[in-house]
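Trainee: So that you have it, the file is upload16.txt, and it contains compact mmCIF, C-alpha atoms:
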# COMPACT_ATOMS: atom_id res chain seq x y z
CA MET A 1 33.82 143.39 118.83
CA GLU A 2 36.07 142.22 121.64
CA SER A 3 39.68 143.37 121.69
CA VAL A 4 42.33 141.05 123.05
CA ASP A 5 45.20 142.56 124.96
CA TRP A 6 47.85 139.96 124.13
CA LEU A 7 50.47 141.56 126.36
CA HIS A 8 48.43 140.77 129.45
CA HIS A 9 47.61 137.25 128.36
CA LYS A 10 48.92 134.72 130.89
CA GLU A 11 51.17 132.78 128.46
CA PHE A 12 52.75 135.87 126.89
CA SER A 13 53.30 137.81 130.11
CA ASN A 14 55.47 135.03 131.56
CA LEU A 15 57.55 134.92 128.40
CA ILE A 16 57.94 138.70 128.02
CA MET A 17 58.75 139.45 131.65
CA ASP A 18 61.36 136.71 132.03
CA SER A 19 64.80 138.31 131.86
CA SER A 20 66.47 134.97 131.12
CA VAL A 21 64.59 134.81 127.82
CA ILE A 22 65.82 138.28 126.92
CA GLN A 23 69.38 137.33 127.83
CA GLN A 24 69.08 134.14 125.79
CA ALA A 25 67.89 136.14 122.77
CA ILE A 26 70.86 138.49 123.16
CA ASP A 27 73.24 135.52 123.39
CA ILE A 28 71.74 133.89 120.29
CA SER A 29 72.01 137.16 118.35
CA ARG A 30 75.62 137.64 119.45
CA GLU A 31 76.49 134.08 118.43
CA ALA A 32 74.77 134.57 115.06
CA ILE A 33 76.88 137.65 114.36
CA LEU A 34 80.07 135.83 115.36
CA VAL A 35 79.21 132.83 113.16
CA THR A 36 78.51 135.17 110.25
CA ILE A 37 81.87 136.89 110.71
CA LYS A 38 83.64 133.54 111.03
CA LEU A 39 82.03 132.17 107.86
CA SER A 40 82.62 135.25 105.74
CA ALA A 41 86.16 136.10 106.88
CA ILE A 42 88.06 133.64 104.70
CA PRO A 43 86.27 134.32 101.36
CA LEU A 44 86.37 138.08 101.96
CA THR A 45 90.08 137.96 102.79
CA VAL A 46 90.81 135.95 99.64
CA GLY A 47 88.81 138.44 97.57
CA LEU A 48 90.68 141.33 99.17
CA VAL A 49 94.11 139.81 98.52
CA VAL A 50 93.31 138.89 94.91
CA GLY A 51 91.83 142.35 94.35
CA LEU A 52 94.95 144.02 95.74
CA ILE A 53 97.21 141.87 93.56
CA PHE A 54 95.26 142.67 90.41
CA SER A 55 95.05 146.35 91.32
CA PHE A 56 98.81 146.40 91.73
CA ILE A 57 99.23 144.72 88.34
CA GLN A 58 96.83 147.22 86.79
CA THR A 59 98.82 150.07 88.30
CA LEU A 60 102.07 148.72 86.93
CA THR A 61 100.68 148.16 83.43
CA SER A 62 98.49 151.30 83.39
CA ILE A 63 95.44 149.25 82.40
CA GLN A 64 92.32 150.89 83.83
CA GLU A 65 89.73 148.23 83.04
CA GLN A 66 87.49 147.61 86.09
CA THR A 67 86.20 144.21 85.00
CA LEU A 68 89.76 142.91 84.74
CA ALA A 69 90.03 142.71 88.54
CA LEU A 70 86.42 141.64 89.12
CA VAL A 71 86.52 138.31 87.28
CA PRO A 72 89.59 136.90 89.10
CA LYS A 73 88.18 138.06 92.45
CA MET A 74 84.88 136.31 91.79
CA PHE A 75 86.66 133.17 90.63
CA ALA A 76 88.96 133.16 93.69
CA VAL A 77 86.05 133.62 96.09
CA ILE A 78 83.99 130.87 94.43
CA VAL A 79 86.94 128.44 94.48
CA THR A 80 87.63 129.33 98.11
CA VAL A 81 84.02 128.71 99.10
CA PHE A 82 84.06 125.31 97.37
CA ILE A 83 87.32 124.38 99.11
CA ILE A 84 86.14 125.36 102.59
CA LEU A 85 82.52 124.25 102.06
CA PRO A 86 82.77 121.22 104.39
CA TRP A 87 84.05 123.46 107.19
CA LEU A 88 81.37 126.08 106.47
CA LEU A 89 78.63 123.45 106.64
CA ASN A 90 80.09 122.00 109.84
CA VAL A 91 80.06 125.43 111.54
CA LEU A 92 76.48 126.06 110.37
CA MET A 93 75.37 122.62 111.57
CA ASP A 94 76.95 123.14 114.98
CA TYR A 95 75.26 126.54 115.31
CA THR A 96 71.89 125.13 114.22
CA ILE A 97 72.14 122.26 116.70
CA GLU A 98 73.06 124.73 119.45
CA ILE A 99 70.02 126.90 118.62
CA ILE A 100 67.62 123.95 118.50
CA THR A 101 68.87 122.48 121.78
CA SER A 102 68.68 125.86 123.51
CA MET A 103 65.04 126.18 122.44
CA GLY A 104 64.11 123.12 124.51
CA GLY A 105 63.31 125.25 127.55
CA TRP A 106 61.12 127.68 125.62
CA PHE A 107 58.14 125.37 125.21
CA ASN A 108 56.81 124.27 128.58
For this file, produce the structure as structure tokens.

Mentor:
Amino acid sequence: MESVDWLHHKEFSNLIMDSSVIQQAIDISREAILVTIKLSAIPLTVGLVVGLIFSFIQTLTSIQEQTLALVPKMFAVIVTVFIILPWLLNVLMDYTIEIITSMGGWFN
């Protein structure tokens, strides 16, 4: 049985040793995290604000029902996502196009 040392294979060694590929992977990962933060910031902020409002109302009325705040938060987040959905899809499309075009130099 012959073992193959794939790290020393000609095609893989050029790819692994190239520092520009490593830097490009770091840049893609960084951009992915930033896009994720950008996409989730608005719905999370809306959920936070609605949750704070309902918690304040619950404090004033002394109602301690946990599901009372959950349903409006969920509804607000869902409505917010539907309102900003075109923008969300545009950001995702731009990021996907950027990833695909940057992969052009990977396959020589």

Trainee: Of the candidates A:Leu70, A:Leu85, A:Ile57, A:Ala25, which shows the shortest atom-to-atom distance to Ile42 (chain A), using only C-alpha atoms?

Mentor: A:Leu85

Trainee: Excluding Tyr95 (chain A) and residues on its chain fewer than 5 positions from it, collect all residues at most 9 Å away from it, counting only C-alpha atoms, and give them as a list in words.

Mentor: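 In the requested format, the answer is Glu31, Ala32, Val35, Asn90 and Ile100 of chain A.
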
Trainee: Identify, on the basis of all atoms listed in the file, every residue whose closest approach to Thr80 (chain A) does not exceed 9 Å; exclude the query and any residue fewer than 3 positions from it along the same chain; express the result as a PDB file with C-alpha atoms, in the coordinates of the input.

Mentor:
ATOM      1  CA  ILE A  42      88.060 133.640 104.700  1.00  0.00           C
ATOM      2  CA  PRO A  43      86.270 134.320 101.360  1.00  0.00           C
ATOM      3  CA  VAL A  46      90.810 135.950  99.640  1.00  0.00           C
ATOM      4  CA  PHE A  75      86.660 133.170  90.630  1.00  0.00           C
ATOM      5  CA  ALA A  76      88.960 133.160  93.690  1.00  0.00           C
ATOM      6  CA  VAL A  77      86.050 133.620  96.090  1.00  0.00           C
ATOM      7  CA  ILE A  83      87.320 124.380  99.110  1.00  0.00           C
ATOM      8  CA  ILE A  84      86.140 125.360 102.590  1.00  0.00           C
ATOM      9  CA  LEU A  85      82.520 124.250 102.060  1.00  0.00           C
TER      10      LEU A  85
END

Trainee: Which residue out of A:Ser19, A:Thr36, A:Ser102, A:Thr67 has the minimum interatomic distance to Gly51 (chain A) when all atoms listed in the file are used?

Mentor: A:Thr67

Trainee: Using only C-alpha atoms, which of A:Met103, A:Val91, A:Ile63, A:Val71 sits nearest Lys38 (chain A)?

Mentor: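 Nearest to Lys38 (chain A): A:Val91.
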
Trainee: Need to verify the contact set: Ile53 (chain A), 10 Å, only C-alpha atoms, exclusion of same-chain residues closer than 5 positions in sequence. Can you return it as a list of chain:residue names?

Mentor: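 Once the adjacent positions are removed, what remains is A:Gly47, A:Leu48, A:Gln58, A:Thr59, A:Ala69, A:Lys73.
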
Trainee: Do you have the CA of Leu92 (chain A)-CA of Arg30 (chain A) distance handy?

Mentor: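 Between CA of Leu92 (chain A) and CA of Arg30 (chain A) the gap works out to 14.7 Å.
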
Trainee: Hey, can you check how far CA of Phe82 (chain A) sits from CA of Phe56 (chain A)?

Mentor: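 Interatomic distance, CA of Phe82 (chain A) to CA of Phe56 (chain A): 26.3 Å.
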
Trainee: Please report the interatomic distance between CA of Ile78 (chain A) and CA of Ile33 (chain A) in Å with one decimal.

Mentor: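 Going from CA of Ile78 (chain A) over to CA of Ile33 (chain A) covers 22.2 Å.
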